[in-house]
>>> print(open('data-v7.pdb').read())   # PDB, C-alpha atoms, pLDDT in the B column
ATOM      1  CA  ASP A  66       0.000   0.000   0.000  1.00 50.00           C
ATOM      2  CA  ALA A  67       1.179   3.477  -0.784  1.00 56.00           C
ATOM      3  CA  LYS A  68       2.165   5.793   2.025  1.00 77.00           C
ATOM      4  CA  THR A  69       1.209   9.449   1.967  1.00 85.00           C
ATOM      5  CA  THR A  70       2.942  12.494   3.394  1.00 89.00           C
ATOM      6  CA  GLN A  71       1.249  15.740   4.349  1.00 93.00           C
ATOM      7  CA  PRO A  72       2.352  18.917   6.116  1.00 95.00           C
ATOM      8  CA  PRO A  73       1.462  18.684   9.799  1.00 94.00           C
ATOM      9  CA  SER A  74      -0.400  21.984   9.916  1.00 96.00           C
ATOM     10  CA  MET A  75      -1.703  24.878   7.817  1.00 97.00           C
ATOM     11  CA  ASP A  76      -3.590  28.117   8.366  1.00 97.00           C
ATOM     12  CA  CYS A  77      -6.157  29.620   6.036  1.00 97.00           C
ATOM     13  CA  ALA A  78      -8.106  32.880   6.225  1.00 97.00           C
ATOM     14  CA  GLU A  79     -11.871  32.536   6.372  1.00 97.00           C
ATOM     15  CA  GLY A  80     -13.438  32.923   2.932  1.00 96.00           C
ATOM     16  CA  ARG A  81     -10.235  32.071   1.123  1.00 97.00           C
ATOM     17  CA  ALA A  82      -9.465  28.846  -0.699  1.00 97.00           C
ATOM     18  CA  ALA A  83      -7.643  26.245   1.356  1.00 97.00           C
ATOM     19  CA  ASN A  84      -5.216  24.142  -0.687  1.00 98.00           C
ATOM     20  CA  LEU A  85      -4.026  21.056   1.120  1.00 97.00           C
ATOM     21  CA  PRO A  86      -1.168  19.131  -0.541  1.00 96.00           C
ATOM     22  CA  CYS A  87      -0.398  15.444  -0.339  1.00 94.00           C
ATOM     23  CA  ASN A  88       2.458  13.353  -1.688  1.00 92.00           C
ATOM     24  CA  HIS A  89       1.828   9.715  -2.576  1.00 86.00           C
ATOM     25  CA  SER A  90       4.841   8.926  -4.728  1.00 84.00           C
ATOM     26  CA  THR A  91       4.587   5.137  -4.252  1.00 81.00           C
ATOM     27  CA  ILE A  92       0.945   4.832  -5.200  1.00 81.00           C
ATOM     28  CA  SER A  93       0.186   1.935  -7.521  1.00 79.00           C
ATOM     29  CA  GLY A  94      -2.006   2.048 -10.584  1.00 79.00           C
ATOM     30  CA  ASN A  95      -5.202   0.720  -9.036  1.00 78.00           C
ATOM     31  CA  GLU A  96      -5.056   2.608  -5.748  1.00 81.00           C
ATOM     32  CA  TYR A  97      -7.411   5.483  -5.182  1.00 85.00           C
ATOM     33  CA  VAL A  98      -6.604   8.713  -3.379  1.00 88.00           C
ATOM     34  CA  TYR A  99      -9.098   9.559  -0.633  1.00 89.00           C
ATOM     35  CA  TRP A 100      -9.539  12.601   1.531  1.00 92.00           C
ATOM     36  CA  TYR A 101     -11.231  12.546   4.917  1.00 93.00           C
ATOM     37  CA  ARG A 102     -11.456  15.077   7.689  1.00 95.00           C
ATOM     38  CA  GLN A 103     -11.883  14.719  11.401  1.00 94.00           C
ATOM     39  CA  ILE A 104     -13.410  17.404  13.515  1.00 92.00           C
ATOM     40  CA  HIS A 105     -12.487  17.218  17.171  1.00 84.00           C
ATOM     41  CA  SER A 106     -14.113  14.342  19.077  1.00 79.00           C
ATOM     42  CA  GLN A 107     -15.848  12.937  16.018  1.00 87.00           C
ATOM     43  CA  GLY A 108     -15.125  10.048  13.684  1.00 90.00           C
ATOM     44  CA  PRO A 109     -13.507  10.868  10.317  1.00 91.00           C
ATOM     45  CA  GLN A 110     -15.823  12.060   7.571  1.00 92.00           C
ATOM     46  CA  TYR A 111     -15.368  11.272   3.907  1.00 90.00           C
ATOM     47  CA  ILE A 112     -14.774  14.256   1.604  1.00 94.00           C
ATOM     48  CA  ILE A 113     -13.810  13.050  -1.860  1.00 93.00           C
ATOM     49  CA  HIS A 114     -11.794  10.463  -3.745  1.00 90.00           C
ATOM     50  CA  GLY A 115     -10.316   9.930  -7.196  1.00 90.00           C
ATOM     51  CA  LEU A 116      -8.143   7.673  -9.301  1.00 89.00           C
ATOM     52  CA  LYS A 117      -6.542   9.854 -11.953  1.00 89.00           C
ATOM     53  CA  ASN A 118      -9.032  12.474 -13.068  1.00 86.00           C
ATOM     54  CA  ASN A 119      -9.786  15.623 -11.143  1.00 93.00           C
ATOM     55  CA  GLU A 120     -12.952  15.398  -9.088  1.00 95.00           C
ATOM     56  CA  THR A 121     -15.373  17.921  -7.625  1.00 96.00           C
ATOM     57  CA  ASN A 122     -18.306  17.570  -5.306  1.00 94.00           C
ATOM     58  CA  GLU A 123     -20.311  19.857  -3.055  1.00 94.00           C
ATOM     59  CA  MET A 124     -17.605  19.869  -0.406  1.00 93.00           C
ATOM     60  CA  ALA A 125     -14.322  20.150  -2.287  1.00 97.00           C
ATOM     61  CA  SER A 126     -12.235  19.638  -5.403  1.00 97.00           C
ATOM     62  CA  LEU A 127      -9.464  17.105  -5.820  1.00 97.00           C
ATOM     63  CA  ILE A 128      -6.609  17.749  -8.227  1.00 97.00           C
ATOM     64  CA  ILE A 129      -4.385  14.761  -8.995  1.00 95.00           C
ATOM     65  CA  THR A 130      -1.149  15.265 -10.925  1.00 94.00           C
ATOM     66  CA  GLU A 131      -0.727  13.427 -14.183  1.00 92.00           C
ATOM     67  CA  ASP A 132       1.936  11.132 -12.728  1.00 91.00           C
ATOM     68  CA  ARG A 133      -0.378  10.503  -9.721  1.00 91.00           C
ATOM     69  CA  LYS A 134       2.455  11.154  -7.291  1.00 91.00           C
ATOM     70  CA  SER A 135       0.703  14.018  -5.569  1.00 93.00           C
ATOM     71  CA  SER A 136      -2.678  15.613  -5.139  1.00 94.00           C
ATOM     72  CA  THR A 137      -4.276  18.744  -3.719  1.00 97.00           C
ATOM     73  CA  LEU A 138      -7.545  19.078  -1.894  1.00 97.00           C
ATOM     74  CA  ILE A 139      -9.189  22.434  -2.446  1.00 98.00           C
ATOM     75  CA  LEU A 140     -11.839  23.886  -0.154  1.00 97.00           C
ATOM     76  CA  PRO A 141     -12.948  26.839  -2.295  1.00 96.00           C
ATOM     77  CA  HIS A 142     -14.253  29.128   0.458  1.00 95.00           C
ATOM     78  CA  ALA A 143     -13.029  27.996   3.842  1.00 96.00           C
ATOM     79  CA  THR A 144     -15.249  28.603   6.849  1.00 96.00           C
ATOM     80  CA  LEU A 145     -14.537  28.276  10.555  1.00 96.00           C
ATOM     81  CA  ARG A 146     -16.391  24.946  10.485  1.00 95.00           C
ATOM     82  CA  ASP A 147     -13.698  23.589   8.152  1.00 96.00           C
ATOM     83  CA  THR A 148     -11.155  23.677  10.991  1.00 97.00           C
ATOM     84  CA  ALA A 149     -10.209  20.000  11.296  1.00 97.00           C
ATOM     85  CA  VAL A 150      -7.509  17.432  10.659  1.00 95.00           C
ATOM     86  CA  TYR A 151      -7.469  16.434   6.991  1.00 96.00           C
ATOM     87  CA  TYR A 152      -6.246  13.009   5.973  1.00 93.00           C
ATOM     88  CA  CYS A 153      -4.985  12.084   2.534  1.00 91.00           C
ATOM     89  CA  ILE A 154      -4.914   8.327   2.167  1.00 85.00           C
ATOM     90  CA  SER A 155      -4.587   5.726  -0.488  1.00 77.00           C
ATOM     91  CA  GLY A 156      -5.409   2.102  -0.749  1.00 68.00           C
ATOM     92  CA  GLY A 157      -7.026  -0.662  -2.655  1.00 61.00           C
ATOM     93  CA  TYR A 158     -10.689  -1.393  -2.446  1.00 52.00           C
ATOM     94  CA  GLN A 159     -10.378  -3.273   0.800  1.00 58.00           C
ATOM     95  CA  LYS A 160      -7.657  -1.742   2.905  1.00 63.00           C
ATOM     96  CA  VAL A 161      -7.503   1.936   3.663  1.00 66.00           C
ATOM     97  CA  THR A 162      -4.505   3.160   5.646  1.00 68.00           C
ATOM     98  CA  PHE A 163      -4.368   6.585   7.287  1.00 75.00           C
ATOM     99  CA  GLY A 164      -1.379   8.784   8.071  1.00 74.00           C
ATOM    100  CA  THR A 165      -1.180  11.644  10.563  1.00 80.00           C
ATOM    101  CA  GLY A 166      -2.927  14.258   8.455  1.00 91.00           C
ATOM    102  CA  THR A 167      -2.792  18.057   8.205  1.00 96.00           C
ATOM    103  CA  LYS A 168      -4.329  20.164  10.939  1.00 95.00           C
ATOM    104  CA  LEU A 169      -6.093  23.004   9.125  1.00 97.00           C
ATOM    105  CA  GLN A 170      -6.868  26.084  11.181  1.00 97.00           C
ATOM    106  CA  VAL A 171      -9.283  28.531   9.549  1.00 97.00           C
ATOM    107  CA  ILE A 172      -8.686  31.989  10.932  1.00 97.00           C
ATOM    108  CA  PRO A 173     -11.440  34.646  11.156  1.00 95.00           C
TER     109      PRO A 173
ATOM    110  CA  ASP B 283     -28.017   7.891   6.174  1.00 66.00           C
ATOM    111  CA  VAL B 284     -25.424   5.229   6.817  1.00 60.00           C
ATOM    112  CA  LYS B 285     -25.045   4.562  10.450  1.00 90.00           C
ATOM    113  CA  VAL B 286     -22.070   2.972  12.137  1.00 95.00           C
ATOM    114  CA  THR B 287     -22.711   2.543  15.826  1.00 95.00           C
ATOM    115  CA  GLN B 288     -20.149   1.704  18.445  1.00 96.00           C
ATOM    116  CA  SER B 289     -21.523   0.235  21.629  1.00 90.00           C
ATOM    117  CA  SER B 290     -19.749   2.548  24.067  1.00 91.00           C
ATOM    118  CA  ARG B 291     -18.430   6.092  23.856  1.00 93.00           C
ATOM    119  CA  TYR B 292     -16.244   5.748  26.959  1.00 95.00           C
ATOM    120  CA  LEU B 293     -14.944   2.618  28.637  1.00 97.00           C
ATOM    121  CA  VAL B 294     -12.667   2.031  31.624  1.00 97.00           C
ATOM    122  CA  LYS B 295     -11.220  -1.448  32.137  1.00 97.00           C
ATOM    123  CA  ARG B 296      -8.619  -3.001  34.388  1.00 97.00           C
ATOM    124  CA  THR B 297      -5.318  -4.487  33.232  1.00 98.00           C
ATOM    125  CA  GLY B 298      -5.747  -8.143  32.329  1.00 97.00           C
ATOM    126  CA  GLU B 299      -9.470  -7.926  31.638  1.00 97.00           C
ATOM    127  CA  LYS B 300     -10.942  -9.285  28.434  1.00 97.00           C
ATOM    128  CA  VAL B 301     -12.544  -6.393  26.576  1.00 97.00           C
ATOM    129  CA  PHE B 302     -15.099  -6.469  23.779  1.00 97.00           C
ATOM    130  CA  LEU B 303     -15.699  -3.443  21.566  1.00 98.00           C
ATOM    131  CA  GLU B 304     -18.782  -3.815  19.406  1.00 97.00           C
ATOM    132  CA  CYS B 305     -19.596  -2.148  16.118  1.00 97.00           C
ATOM    133  CA  VAL B 306     -22.793  -2.399  14.103  1.00 97.00           C
ATOM    134  CA  GLN B 307     -23.561  -0.944  10.682  1.00 96.00           C
ATOM    135  CA  ASP B 308     -26.977  -0.758   9.064  1.00 94.00           C
ATOM    136  CA  MET B 309     -26.138  -0.410   5.371  1.00 90.00           C
ATOM    137  CA  ASP B 310     -25.330  -4.007   4.421  1.00 91.00           C
ATOM    138  CA  HIS B 311     -21.656  -3.155   3.844  1.00 90.00           C
ATOM    139  CA  GLU B 312     -19.250  -5.976   3.150  1.00 90.00           C
ATOM    140  CA  ASN B 313     -16.121  -4.272   4.503  1.00 89.00           C
ATOM    141  CA  MET B 314     -15.614  -3.372   8.134  1.00 92.00           C
ATOM    142  CA  PHE B 315     -12.533  -1.950   9.844  1.00 92.00           C
ATOM    143  CA  TRP B 316     -11.104  -1.307  13.290  1.00 95.00           C
ATOM    144  CA  TYR B 317      -8.610   1.522  13.832  1.00 94.00           C
ATOM    145  CA  ARG B 318      -6.981   2.998  16.865  1.00 95.00           C
ATOM    146  CA  GLN B 319      -6.070   6.657  17.086  1.00 93.00           C
ATOM    147  CA  ASP B 320      -3.300   8.042  19.247  1.00 92.00           C
ATOM    148  CA  PRO B 321      -1.873  11.573  19.440  1.00 87.00           C
ATOM    149  CA  GLY B 322       0.933  12.046  16.929  1.00 83.00           C
ATOM    150  CA  LEU B 323       0.345   8.659  15.309  1.00 84.00           C
ATOM    151  CA  GLY B 324      -2.869   9.256  13.398  1.00 83.00           C
ATOM    152  CA  LEU B 325      -5.230   6.382  12.661  1.00 86.00           C
ATOM    153  CA  ARG B 326      -3.694   2.948  12.489  1.00 89.00           C
ATOM    154  CA  LEU B 327      -5.484  -0.067  11.076  1.00 89.00           C
ATOM    155  CA  ILE B 328      -5.802  -2.997  13.475  1.00 94.00           C
ATOM    156  CA  TYR B 329      -7.952  -5.461  11.529  1.00 94.00           C
ATOM    157  CA  PHE B 330     -10.411  -5.446   8.706  1.00 90.00           C
ATOM    158  CA  SER B 331     -12.997  -7.859   7.388  1.00 92.00           C
ATOM    159  CA  TYR B 332     -14.352  -8.098   3.855  1.00 88.00           C
ATOM    160  CA  ASP B 333     -16.996 -10.731   4.514  1.00 90.00           C
ATOM    161  CA  VAL B 334     -18.638 -12.704   7.280  1.00 93.00           C
ATOM    162  CA  LYS B 335     -16.100 -14.865   9.106  1.00 89.00           C
ATOM    163  CA  MET B 336     -13.271 -13.348   7.028  1.00 91.00           C
ATOM    164  CA  LYS B 337     -10.592 -11.187   8.598  1.00 93.00           C
ATOM    165  CA  GLU B 338      -7.279  -9.679   7.629  1.00 91.00           C
ATOM    166  CA  LYS B 339      -4.562  -8.208   9.817  1.00 93.00           C
ATOM    167  CA  GLY B 340      -3.914  -4.538   9.521  1.00 90.00           C
ATOM    168  CA  ASP B 341      -0.784  -2.690  10.540  1.00 88.00           C
ATOM    169  CA  ILE B 342      -0.941  -3.295  14.311  1.00 93.00           C
ATOM    170  CA  PRO B 343      -2.862  -6.511  15.083  1.00 96.00           C
ATOM    171  CA  GLU B 344      -0.756  -7.612  18.061  1.00 96.00           C
ATOM    172  CA  GLY B 345      -2.768  -7.919  21.243  1.00 96.00           C
ATOM    173  CA  TYR B 346      -6.093  -7.854  19.399  1.00 98.00           C
ATOM    174  CA  SER B 347      -8.460 -10.280  17.757  1.00 97.00           C
ATOM    175  CA  VAL B 348     -11.728  -9.782  15.890  1.00 97.00           C
ATOM    176  CA  SER B 349     -14.965 -11.586  15.242  1.00 97.00           C
ATOM    177  CA  ARG B 350     -17.452 -11.221  12.400  1.00 97.00           C
ATOM    178  CA  GLU B 351     -20.240 -13.733  12.806  1.00 95.00           C
ATOM    179  CA  LYS B 352     -22.870 -11.544  11.129  1.00 96.00           C
ATOM    180  CA  LYS B 353     -22.475  -9.117   8.280  1.00 95.00           C
ATOM    181  CA  GLU B 354     -23.599  -6.085  10.273  1.00 96.00           C
ATOM    182  CA  ARG B 355     -21.467  -6.675  13.364  1.00 97.00           C
ATOM    183  CA  PHE B 356     -17.687  -6.515  13.793  1.00 97.00           C
ATOM    184  CA  SER B 357     -16.211  -7.002  17.244  1.00 97.00           C
ATOM    185  CA  LEU B 358     -12.748  -6.074  18.442  1.00 98.00           C
ATOM    186  CA  ILE B 359     -11.420  -8.170  21.315  1.00 98.00           C
ATOM    187  CA  LEU B 360      -8.602  -7.341  23.676  1.00 97.00           C
ATOM    188  CA  GLU B 361      -7.791 -10.735  25.172  1.00 94.00           C
ATOM    189  CA  SER B 362      -5.900  -9.277  28.133  1.00 97.00           C
ATOM    190  CA  ALA B 363      -6.066  -5.507  28.250  1.00 97.00           C
ATOM    191  CA  SER B 364      -2.871  -3.605  28.924  1.00 98.00           C
ATOM    192  CA  THR B 365      -2.250   0.065  29.674  1.00 98.00           C
ATOM    193  CA  ASN B 366      -0.633   0.603  26.252  1.00 97.00           C
ATOM    194  CA  GLN B 367      -3.992  -0.225  24.704  1.00 98.00           C
ATOM    195  CA  THR B 368      -5.488   2.921  26.176  1.00 98.00           C
ATOM    196  CA  SER B 369      -6.636   4.716  23.049  1.00 97.00           C
ATOM    197  CA  MET B 370      -9.502   5.926  20.892  1.00 96.00           C
ATOM    198  CA  TYR B 371     -10.918   3.049  18.845  1.00 97.00           C
ATOM    199  CA  LEU B 372     -12.774   3.764  15.626  1.00 96.00           C
ATOM    200  CA  CYS B 373     -14.891   1.377  13.617  1.00 96.00           C
ATOM    201  CA  ALA B 374     -15.698   1.921   9.938  1.00 92.00           C
ATOM    202  CA  SER B 375     -17.582   0.197   7.157  1.00 91.00           C
ATOM    203  CA  SER B 376     -17.654   0.469   3.381  1.00 86.00           C
ATOM    204  CA  LEU B 377     -19.337  -1.095   0.411  1.00 82.00           C
ATOM    205  CA  ARG B 378     -17.236  -3.599  -1.467  1.00 73.00           C
ATOM    206  CA  ASP B 379     -17.139  -2.008  -4.894  1.00 64.00           C
ATOM    207  CA  LEU B 380     -14.370  -3.345  -7.067  1.00 54.00           C
ATOM    208  CA  ILE B 381     -14.779  -0.840  -9.889  1.00 52.00           C
ATOM    209  CA  THR B 382     -15.361   2.672  -8.652  1.00 53.00           C
ATOM    210  CA  ASN B 383     -14.593   2.123  -5.006  1.00 63.00           C
ATOM    211  CA  THR B 384     -16.475   3.854  -2.261  1.00 70.00           C
ATOM    212  CA  GLU B 385     -15.852   5.778   0.909  1.00 81.00           C
ATOM    213  CA  ALA B 386     -15.719   4.429   4.430  1.00 85.00           C
ATOM    214  CA  PHE B 387     -18.194   5.548   7.074  1.00 89.00           C
ATOM    215  CA  PHE B 388     -16.980   5.879  10.624  1.00 92.00           C
ATOM    216  CA  GLY B 389     -18.528   5.495  14.018  1.00 94.00           C
ATOM    217  CA  GLN B 390     -18.087   8.094  16.736  1.00 93.00           C
ATOM    218  CA  GLY B 391     -15.344   6.161  18.461  1.00 95.00           C
ATOM    219  CA  THR B 392     -14.827   4.462  21.817  1.00 96.00           C
ATOM    220  CA  ARG B 393     -12.348   6.025  24.190  1.00 96.00           C
ATOM    221  CA  LEU B 394     -10.896   3.105  26.134  1.00 98.00           C
ATOM    222  CA  THR B 395      -8.857   3.638  29.274  1.00 98.00           C
ATOM    223  CA  VAL B 396      -7.028   0.669  30.778  1.00 98.00           C
ATOM    224  CA  VAL B 397      -6.008   1.195  34.397  1.00 97.00           C
TER     225      VAL B 397
END
>>> encode(input="data-v7.pdb", output="structure tokens")
Amino acid sequence: DAKTTQPPSMDCAEGRAANLPCNHSTISGNEYVYWYRQIHSQGPQYIIHGLKNNETNEMASLIITEDRKSSTLILPHATLRDTAVYYCISGGYQKVTFGTGTKLQVIP
Amino acid sequence: DVKVTQSSRYLVKRTGEKVFLECVQDMDHENMFWYRQDPGLGLRLIYFSYDVKMKEKGDIPEGYSVSREKKERFSLILESASTNQTSMYLCASSLRDLITNTEAFFGQGTRLTVV
């Protein structure tokens, strides 16, 4: 399974776009990239996932580089409620392995 | 809405006790997972199951076992609890989709303290 690396923390001004990077240089061809977030004292919540094309849903956009070695999660207009730990993970259809994530602080 | 329910939110057990953590999901998902979460270490996979009576070791299975007798229920067992098993335990489930893959849904977690 591929391992991912993320910066431990980031700040973002409220209303601005938050761009969270992730490196997954050892990802294999059939492994998806997933993003989850965890708000304090809650279980992780799914945000988005993709294989090689860029993806967008009502929560966020996911940009995956052509070589699939890195990706960026974009929250287009960050709010205070987006303050959380964001996990970039990869895995096959059965096994999903988490790293330590990026703590995003949205600042008023 | 998918619901993943863990039987206890907080649990305190004594060293050496046998501990059962129960997880139930109501969406007929094939895959179920147990993670533990510790400060600075993120979420680490203990065991997962992709079908009834099937189980696979995750990254840190030592000191734990699991049971999946019914599709909706996945139990984590600490045969003899130790203080280093004090942690937050998270259960998750997902649909087994081989083509497009799907997300995992998590329970609220059980904070276990072993004294």
>>> resolve_selection(input="data-v7.pdb", expression="the PyMOL selection byres ((chain B) within 8 of (chain A))", output="PDB file with C-alpha atoms, in the frame of the given file")
ATOM      1  CA  ASN B 313     -16.121  -4.272   4.503  1.00 89.00           C
ATOM      2  CA  GLY B 322       0.933  12.046  16.929  1.00 83.00           C
ATOM      3  CA  LEU B 323       0.345   8.659  15.309  1.00 84.00           C
ATOM      4  CA  GLY B 324      -2.869   9.256  13.398  1.00 83.00           C
ATOM      5  CA  LEU B 325      -5.230   6.382  12.661  1.00 86.00           C
ATOM      6  CA  ARG B 326      -3.694   2.948  12.489  1.00 89.00           C
ATOM      7  CA  LEU B 327      -5.484  -0.067  11.076  1.00 89.00           C
ATOM      8  CA  PHE B 330     -10.411  -5.446   8.706  1.00 90.00           C
ATOM      9  CA  TYR B 332     -14.352  -8.098   3.855  1.00 88.00           C
ATOM     10  CA  LEU B 372     -12.774   3.764  15.626  1.00 96.00           C
ATOM     11  CA  ARG B 378     -17.236  -3.599  -1.467  1.00 73.00           C
ATOM     12  CA  ASP B 379     -17.139  -2.008  -4.894  1.00 64.00           C
ATOM     13  CA  LEU B 380     -14.370  -3.345  -7.067  1.00 54.00           C
ATOM     14  CA  ASN B 383     -14.593   2.123  -5.006  1.00 63.00           C
ATOM     15  CA  THR B 384     -16.475   3.854  -2.261  1.00 70.00           C
ATOM     16  CA  GLU B 385     -15.852   5.778   0.909  1.00 81.00           C
ATOM     17  CA  ALA B 386     -15.719   4.429   4.430  1.00 85.00           C
ATOM     18  CA  PHE B 387     -18.194   5.548   7.074  1.00 89.00           C
ATOM     19  CA  PHE B 388     -16.980   5.879  10.624  1.00 92.00           C
ATOM     20  CA  GLY B 389     -18.528   5.495  14.018  1.00 94.00           C
ATOM     21  CA  GLN B 390     -18.087   8.094  16.736  1.00 93.00           C
ATOM     22  CA  GLY B 391     -15.344   6.161  18.461  1.00 95.00           C
TER      23      GLY B 391
END
>>> resolve_selection(input="data-v7.pdb", expression="the PyMOL selection byres ((chain A and resi 135-141) around 9)", output="ChimeraX atom specification")
/A:69,80-90,98,100,113,124-134,142-143,147,153
>>> closest_residue(input="data-v7.pdb", among="B:Tyr292, B:Glu354, B:Thr365, B:Asp341", to="B:Arg318", atoms="all atoms listed in the file")
B:Asp341
>>> residues_around(input="data-v7.pdb", residues="A:Ala149", least_positions_apart="4", cutoff="10 Å", atoms="all atoms listed in the file", output="MDAnalysis selection string")
chainID A and resid 101:105 109 145 166:171
>>> residues_near_point(input="data-v7.pdb", point="(-7.6, -2.3, 22.8)", cutoff="9 Å", atoms="all atoms listed in the file", output="list of chain:residue names")
B:Val301, B:Phe302, B:Leu303, B:Arg318, B:Gly345, B:Tyr346, B:Leu358, B:Ile359, B:Leu360, B:Glu361, B:Ser362, B:Ala363, B:Ser364, B:Asn366, B:Gln367, B:Thr368, B:Ser369, B:Met370, B:Tyr371, B:Leu394, B:Thr395, B:Val396
>>> residues_near_point(input="data-v7.pdb", point="(-22.1, -0.7, 12.8)", cutoff="6 Å", atoms="only C-alpha atoms", output="list in words")
Val286, Thr287, Cys305, Val306 and Gln307 of chain B
>>> atom_distance(input="data-v7.pdb", atom1="atom CA of B:Arg393", atom2="atom CA of B:Glu351")
24.1 Å
>>> decode(input="data-v7.pdb", residues="stretch 368-375 of chain B", atoms="all heavy atoms", output="PDB file, in the first residue's frame")
ATOM      1  N   THR B 368      -4.671   1.729  25.943  1.00  0.00           N
ATOM      2  CA  THR B 368      -5.488   2.921  26.176  1.00  0.00           C
ATOM      3  C   THR B 368      -5.442   3.775  24.919  1.00  0.00           C
ATOM      4  O   THR B 368      -4.366   4.171  24.460  1.00  0.00           O
ATOM      5  CB  THR B 368      -4.946   3.711  27.378  1.00  0.00           C
ATOM      6  OG1 THR B 368      -5.177   2.959  28.568  1.00  0.00           O
ATOM      7  CG2 THR B 368      -5.620   5.067  27.485  1.00  0.00           C
ATOM      8  N   SER B 369      -6.602   4.040  24.336  1.00  0.00           N
ATOM      9  CA  SER B 369      -6.636   4.716  23.049  1.00  0.00           C
ATOM     10  C   SER B 369      -8.076   5.023  22.653  1.00  0.00           C
ATOM     11  O   SER B 369      -9.024   4.615  23.327  1.00  0.00           O
ATOM     12  CB  SER B 369      -5.999   3.822  21.973  1.00  0.00           C
ATOM     13  OG  SER B 369      -5.883   4.487  20.734  1.00  0.00           O
ATOM     14  N   MET B 370      -8.207   5.761  21.537  1.00  0.00           N
ATOM     15  CA  MET B 370      -9.502   5.926  20.892  1.00  0.00           C
ATOM     16  C   MET B 370      -9.609   4.851  19.820  1.00  0.00           C
ATOM     17  O   MET B 370      -8.712   4.724  18.982  1.00  0.00           O
ATOM     18  CB  MET B 370      -9.603   7.314  20.251  1.00  0.00           C
ATOM     19  CG  MET B 370     -10.819   7.494  19.358  1.00  0.00           C
ATOM     20  SD  MET B 370     -12.362   7.531  20.256  1.00  0.00           S
ATOM     21  CE  MET B 370     -12.440   9.277  20.665  1.00  0.00           C
ATOM     22  N   TYR B 371     -10.700   4.111  19.836  1.00  0.00           N
ATOM     23  CA  TYR B 371     -10.918   3.049  18.845  1.00  0.00           C
ATOM     24  C   TYR B 371     -12.064   3.456  17.926  1.00  0.00           C
ATOM     25  O   TYR B 371     -13.137   3.834  18.375  1.00  0.00           O
ATOM     26  CB  TYR B 371     -11.228   1.720  19.541  1.00  0.00           C
ATOM     27  CG  TYR B 371     -10.023   1.166  20.241  1.00  0.00           C
ATOM     28  CD1 TYR B 371      -9.724   1.518  21.553  1.00  0.00           C
ATOM     29  CD2 TYR B 371      -9.150   0.307  19.578  1.00  0.00           C
ATOM     30  CE1 TYR B 371      -8.586   1.042  22.184  1.00  0.00           C
ATOM     31  CE2 TYR B 371      -8.018  -0.182  20.202  1.00  0.00           C
ATOM     32  CZ  TYR B 371      -7.745   0.195  21.503  1.00  0.00           C
ATOM     33  OH  TYR B 371      -6.617  -0.290  22.122  1.00  0.00           O
ATOM     34  N   LEU B 372     -11.796   3.359  16.634  1.00  0.00           N
ATOM     35  CA  LEU B 372     -12.774   3.764  15.626  1.00  0.00           C
ATOM     36  C   LEU B 372     -13.114   2.589  14.725  1.00  0.00           C
ATOM     37  O   LEU B 372     -12.233   1.897  14.225  1.00  0.00           O
ATOM     38  CB  LEU B 372     -12.217   4.901  14.783  1.00  0.00           C
ATOM     39  CG  LEU B 372     -12.125   6.251  15.491  1.00  0.00           C
ATOM     40  CD1 LEU B 372     -11.061   7.119  14.878  1.00  0.00           C
ATOM     41  CD2 LEU B 372     -13.473   6.962  15.445  1.00  0.00           C
ATOM     42  N   CYS B 373     -14.402   2.398  14.513  1.00  0.00           N
ATOM     43  CA  CYS B 373     -14.891   1.377  13.617  1.00  0.00           C
ATOM     44  C   CYS B 373     -15.371   2.054  12.333  1.00  0.00           C
ATOM     45  O   CYS B 373     -15.859   3.189  12.373  1.00  0.00           O
ATOM     46  CB  CYS B 373     -16.043   0.628  14.274  1.00  0.00           C
ATOM     47  SG  CYS B 373     -16.883  -0.568  13.227  1.00  0.00           S
ATOM     48  N   ALA B 374     -15.226   1.370  11.213  1.00  0.00           N
ATOM     49  CA  ALA B 374     -15.698   1.921   9.938  1.00  0.00           C
ATOM     50  C   ALA B 374     -16.251   0.804   9.071  1.00  0.00           C
ATOM     51  O   ALA B 374     -15.917  -0.375   9.267  1.00  0.00           O
ATOM     52  CB  ALA B 374     -14.567   2.643   9.208  1.00  0.00           C
ATOM     53  N   SER B 375     -17.086   1.179   8.125  1.00  0.00           N
ATOM     54  CA  SER B 375     -17.582   0.197   7.157  1.00  0.00           C
ATOM     55  C   SER B 375     -17.611   0.833   5.775  1.00  0.00           C
ATOM     56  O   SER B 375     -17.665   2.052   5.633  1.00  0.00           O
ATOM     57  CB  SER B 375     -18.975  -0.300   7.539  1.00  0.00           C
ATOM     58  OG  SER B 375     -19.967   0.680   7.288  1.00  0.00           O
TER      59      SER B 375
END
